[in-house]
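Contents: one structure, followed by commentary.
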Amino acid sequence: MRTRGYVVSAAAAVALAALPVLVASAADSGQPQVHQAEVAGAIAKGKPSAEWMKRGEELYRQNCAACHQPTGVGLPGAFPPLASSDYIAKDPSVLIDVTLKGRQGKMTVNGVEYNNVMPAMSHLSDRDLAAIITYVLNSWGNPGGTVQMSKVATYRKASGLEAKQAAGERHPGAGEAEQAYQSQPSQVTEAQVRVTPGAPNVTEAEFERGKQIFFERCAGCHGVLRKGATGKPLTPDLTQAKGTEYLKALIKFGSPAGMPNWGTSGQLSDADIDMMARFLQHEPPQPPEWGMPQMKASWKVIVPVDQRPTSKQNKLDIDNLFAVTLRDSGEVAIVDGDRKAINNIVKTGYAVHISRLSHSGRYNYTIGRDGKIDLIDLWMDPPKPVAEIRIGLEARSVETSKYKGFEDKYAIAGSYWPPQYVIMDGATLEPLKIVSTRGMTVNTQEYHPEPRVAAIVASHQHPEFIVNVKETGRILLVNYNDIDNLGVTTIDAAAFLHDGGWDSTLRYFLTAANSSNKIAVVDSKERKLAALVDVHEIPHPGRGANFVHPEYGPVWATSALGNDAITLIGTDPEKHPQYAWKAVQVVKGQGGGSLFIKTHPKSKNLWVDTPLNPEPKISQSVAVFDIDNLEAGFKVLPIGEWAKLGPGPKRIVQPEYNKAGNEVWFSVWSGKEEESAIVVVDDKTRKLKKVIKDPKLITPTGKFNVYNTVRDIY
């Protein structure tokens with residue numbers, strides 16, 4: 001909500017758990033004392049109905065969960081916990097006072113001090129406030145009871161808030177009409193200030209800076225048009241309701257559901273966070289299209305095919321090379337897996353997302369978030385780019401053809417903006433065919449203007465690419481046998497499709513539908529959907545992990561952004577049909593914020609990272625399970641400590657095996673100006689084997705071993 005240019009969240013931006021402190025400190029905070037007569041008997045004994053609890057839970061998730069989390073655990077250093085709150089236990093009735101009036105200042109909850117702003121929630125109805133408070137009282141170890149709506153109404157009236165709510169006042173001190181008036185720019189500053197009705201002012205310079213930060217840091221999860229996918233929608237109707245203070249806190253501290261802590265990790269300054277919180281309340285700028293003329297203009301063959309080496313010119317074991325993304329320097333490091341050292345650095349596009357190897361293993365295709373593809377010839381001494389193209393303004397995926405007779409003939413790349421994919425010549429990257437993915441969603445059958453292309457894999461069963469269209473929830477089987485008469489089979493799955501990988505037979509493609517909390521299974525041989533498997537909140541498998549379970553046979557595993565669940569899905573419909581395409585087991589990892597899960601056919605270990613968890617002890621370590629004894633739980637390896645680096649977030653991301661399958665490599669991902677590293681662990685002993693440090697290792701993230709990537713081993 002907004003008053004005189006200052007935005008305050010309509011949601012609970014600071015802990016309800018801390019509310020009872022008002023009884024003792026109201027005079028110090030400048031707020032009136034609680035009207036004890038009005039709240040006396042407000043909380044009745046007895047258990048609320050299931051319907052009332054369901055209503056309270058829905059409202060809590062809409063208005064409070066982003067700060068306090070769905071399970072009430074809060075955020076360390078930002079928002080106190082609601083779970084097992086000592087203040088709620090002390091005097092639950094003061095919840096009414098603070099939800100109606102708000103609060104700010106220092107408070108101590110469960111022995112931890114907090115200092116933040118709790119905006120008033122007086123714009124909510126008496127019924128809604130009663131439902132939220134009742135839900136909190138009866139959840140997570142709190143004392144229970146039911147809040148009476150009549151007491152909320154009585155207290156609202158006694159506090160003088162009734163008339164203001166009726167006048168449309170969401171924040172004490174400024175009605176809706178005044179807010180609308182105050183939001184209008186003066187004639188003096190109109191040319192310099194970006195204006196969206198209801199949003200706080202930003203200058204044109206701030207708006208341009210906000211566009212850059214959003215593109216670089218946020219668009220991948222929230223969408224170029226901010227309509228959401230893995231991340232929540234950030235359109236102005238939602239962000240203005242949350243308000244500047246709420247948005248600042250979320251950007252700064254992140255959340256266990258996978259929102260990075262951009263502030264406390266040192267990635268964004270407080271000034272940038274304040275600017276982004278205001279920027280996000282404005283209408284998103286409409287980006288330009290990017291078609292064949294733009295692609296052709298960006299396309300460059302650096303070394304023609306007939307001038308490239310006819311045999312390998314270096315002494316590298318190419319199968320054991322790692323293509324390592326150096327995210328913030330716009331480079332890829334070619335790392336020698338035998339020497340465990342950088343061989344050379346290749347300049348690429350901004351923030352390379354993935355590397356994919358040609359079927360032959362000779363070429364490495366990289367694609368950056370800016371849509372630039374670099375084709376690197378690993379036969380050269382040193383390996384270097386031989387062709388490049390920009391296929392869009394933002395992108396994530398690239399792949400080459402693998403079907404017999406078409407090996408490396410074509411490459412395909414998909415973009416987030418514009419929403420489309422392009423088929424190219426595999427050896428030169430010449431663009432041949434562009435196909436838009438705009439269309440109707442699979443669930444509501446409504447038009448979506450930004451259905452982004454997520455994961456792409458090459459079928460081993462047919463001359464086809466399997467293309468995930470994120471927002472529509474549709475999986476496309478793109479047959480490249482005749483690209484002049486392209487055949488596309490559409491499979492209805494679920495929203496929002498993200499990443500995934502093959503089962504061990506390379507027949508079934510398993511891919512995450514984030515917002516639906518499902519794994520879609522595609523039978524690439526029969527060219528149809530085999531199953532939709534329910535999993536826990538926000539699955540994020542990377543390419544997943546295949547292994548043989550002692551009870552359920554072959555399984556494929558996924559971790560999650562939204563919680564600590566690791567779900568195993570049976571993948572053998574022939575010998576273990578009773579388990580096929582079912583979630584046969586769920587084990588608990590360290591926490592939410594996982595991006596990758598990994599094992600190897602020669603390994604008995606299952607590795608799970610948690611780089612986006614806001615708790616440093618979790619984000620700076622990795623969990624490892626014994627595949628033959630998953631029930632024993634995980635052990636934690638302090639990868640960040642082993643790296644012995646200086647200051648920095650030191651997030652541990654993406655386990656990746658070497659060619660032999662006896663080493664697992666981890667990126668230690670710190671800031672652009674901070675020291676990072678790669679840590680190599682002996683897979684059998686789980687002991688530190690090597691720390692690779694180099695000033696040129698700037699924000700290493702993804703690592704792609706040639707042998708394993710070519711053969712889809714994971």
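Numbering starts fresh at 1 for the residues of each chain in the structure tokens, the chains themselves are lettered A, B, ... in the order given, and ligands are numbered from 1 as they appear.
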- Message: Give me, as a PyMOL selection string, all polymer residues having an atom no more than 9 Å from A:Leu606, counting only C-alpha atoms and skipping those fewer than 4 positions away in the same chain.
- Response: chain A and resi 545+547+597-600+623-627
- Sel. of helix (DSSP H, G or I) residues, stretch 561-623 of chain A, as an MDAnalysis selection string: chainID A and resid 616:619
- Message: Under the rule that only C-alpha atoms are counted, which of A:Phe465, A:Tyr114, A:Tyr135, A:Trp140 is the nearest residue to A:Trp52?
- Response: A:Tyr135
- Message: Calculated over only C-alpha atoms, which of the candidates A:Val147, A:Ile96, A:Ile342, A:Met107 has the smallest distance to A:Asp694?
- Response: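 Closest candidate: A:Ile342.
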- Message: Report as a VMD selection string all protein, DNA and RNA residues lying within 7 Å of stretch 273-281 of chain A, evaluated on only C-alpha atoms, omitting residues in the same chain fewer than 5 positions from it.
- Response: chain A and resid 199 to 200 202 206 to 207 210 234 236 239 to 240 244 247 to 248 251 to 252 268
Just N, CA, C and O atoms for this one: save the residues we selected as a CSV table (one decimal), in the first residue's frame.
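Writing the result to again33.csv gives the following:
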chain,number,residue,atom,x,y,z
A,199,ALA,N,2.3,3.1,-8.3
A,199,ALA,CA,3.7,2.6,-8.0
A,199,ALA,C,4.5,3.8,-7.5
A,199,ALA,O,4.3,5.0,-7.9
A,200,PRO,N,5.5,3.5,-6.7
A,200,PRO,CA,6.4,4.6,-6.3
A,200,PRO,C,7.3,5.1,-7.5
A,200,PRO,O,7.6,4.3,-8.4
A,202,VAL,N,10.3,6.1,-9.9
A,202,VAL,CA,11.7,5.7,-10.2
A,202,VAL,C,12.1,6.6,-11.3
A,202,VAL,O,11.3,7.0,-12.2
A,206,GLU,N,17.1,4.9,-13.0
A,206,GLU,CA,16.9,3.7,-12.2
A,206,GLU,C,16.1,2.7,-12.9
A,206,GLU,O,16.3,1.5,-12.8
A,207,PHE,N,15.2,3.1,-13.8
A,207,PHE,CA,14.4,2.1,-14.6
A,207,PHE,C,15.3,1.3,-15.5
A,207,PHE,O,15.2,0.1,-15.6
A,210,GLY,N,17.2,-1.0,-13.4
A,210,GLY,CA,16.3,-2.1,-13.0
A,210,GLY,C,16.1,-3.1,-14.1
A,210,GLY,O,16.1,-4.3,-13.8
A,234,LEU,N,5.3,-11.4,-10.9
A,234,LEU,CA,5.7,-10.1,-10.3
A,234,LEU,C,5.1,-9.0,-11.1
A,234,LEU,O,5.7,-8.0,-11.4
A,236,PRO,N,2.5,-5.8,-11.7
A,236,PRO,CA,2.2,-4.7,-10.8
A,236,PRO,C,1.0,-4.9,-9.9
A,236,PRO,O,1.0,-4.4,-8.8
A,239,THR,N,2.7,-6.9,-7.1
A,239,THR,CA,3.8,-6.2,-6.4
A,239,THR,C,3.4,-4.9,-5.7
A,239,THR,O,3.9,-4.6,-4.6
A,240,GLN,N,2.5,-4.2,-6.2
A,240,GLN,CA,2.0,-3.0,-5.6
A,240,GLN,C,1.2,-3.3,-4.3
A,240,GLN,O,1.3,-2.6,-3.3
A,244,THR,N,6.8,-1.8,-1.1
A,244,THR,CA,8.2,-1.7,-1.2
A,244,THR,C,9.0,-2.4,-0.1
A,244,THR,O,10.0,-3.1,-0.3
A,247,LEU,N,8.9,-6.1,-0.5
A,247,LEU,CA,9.8,-6.6,-1.6
A,247,LEU,C,11.2,-6.4,-1.3
A,247,LEU,O,12.1,-7.3,-1.6
A,248,LYS,N,11.6,-5.3,-0.6
A,248,LYS,CA,13.0,-5.1,-0.2
A,248,LYS,C,13.5,-6.3,0.7
A,248,LYS,O,14.6,-6.8,0.5
A,251,ILE,N,13.9,-9.6,-1.4
A,251,ILE,CA,15.0,-9.5,-2.3
A,251,ILE,C,16.3,-9.6,-1.5
A,251,ILE,O,17.2,-10.3,-1.9
A,252,LYS,N,16.3,-9.0,-0.3
A,252,LYS,CA,17.6,-9.0,0.5
A,252,LYS,C,17.8,-10.4,1.1
A,252,LYS,O,18.9,-10.9,1.1
A,268,LEU,N,23.7,-7.8,-4.4
A,268,LEU,CA,23.1,-6.5,-4.7
A,268,LEU,C,23.3,-5.6,-3.4
A,268,LEU,O,23.2,-6.1,-2.3
- Which residues come within 8 Å of A:Gly439, counting only C-alpha atoms, excluding same-chain residues fewer than 3 positions away, as a PyMOL selection string? chain A and resi 446-449+451+472
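Using only C-alpha atoms, the shortest contact distance between A:Leu75 and any of A:Gly258, A:Gly542, A:Pro614, A:Gly487 is found at A:Pro614.
With only C-alpha atoms as the atoms that count, the minimum distance from A:Pro260 to the choices A:Ile354, A:Cys221, A:Ala411, A:Leu238 is reached by A:Cys221.
Closest approach to A:Glu631 among A:Thr400, A:Val587, A:Asp408, A:Thr699: A:Val587, based on only C-alpha atoms.
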Residues within 7 Å of A:Gly145, only C-alpha atoms, excluding chain neighbours under 5 positions, as a compact mmCIF listing (two decimals) with C-alpha atoms, in the first residue's frame:
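Result saved to part_30.txt:
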# COMPACT_ATOMS: atom_id res chain seq x y z
CA ILE A 43 -9.98 -16.24 21.64
CA ALA A 44 -12.41 -19.01 22.45
CA LYS A 45 -11.34 -22.45 23.51
CA GLY A 46 -11.93 -25.43 21.29
CA LYS A 47 -10.71 -26.72 17.97
CA THR A 134 -7.02 -18.86 14.07
CA LEU A 137 -2.87 -20.32 16.66
CA ASN A 138 -3.60 -23.91 15.67
- Between A:Ala513, A:Val653, A:Val680, A:Ala495, which has the minimum distance to A:Thr701 (counting only C-alpha atoms)?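 Between A:Ala513, A:Val653, A:Val680, A:Ala495, the residue approaching A:Thr701 most closely is A:Val653.
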- Find the residues near A:Asp482: any atom within 12 Å, counting only C-alpha atoms, skip ones fewer than 5 places away on the same chain, and give them as a list of chain:residue names.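 In the requested format, the answer is A:Phe406, A:Tyr410, A:Ile423, A:Leu432, A:Lys433, A:Pro463, A:Glu464, A:Gly487, A:Val488.
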Which residues are close to A:Asp128, i.e. within 9 Å by only C-alpha atoms, leaving aside same-chain residues fewer than 5 positions away? Reply as a PDB file with C-alpha atoms, in the first residue's frame.
ATOM      1  CA  ARG A  55      -9.806 -20.812   4.844  1.00  0.00           C
ATOM      2  CA  GLY A  56      -7.160 -19.506   7.240  1.00  0.00           C
ATOM      3  CA  LEU A  59      -5.337 -16.482   3.422  1.00  0.00           C
ATOM      4  CA  ILE A 133      -5.047 -15.686  13.322  1.00  0.00           C
ATOM      5  CA  MET A 149     -14.935 -12.261  14.279  1.00  0.00           C
TER       6      MET A 149
END
- Item | Picked from stretch 236-451 of chain A by DSSP as strand (DSSP E or B), as a ChimeraX atom specification | /A:300-301,321-326,331-336,341-347,352-357,363-368,372-377,384-390,394-400,410-417,420-425,431-436,439-440,447-448
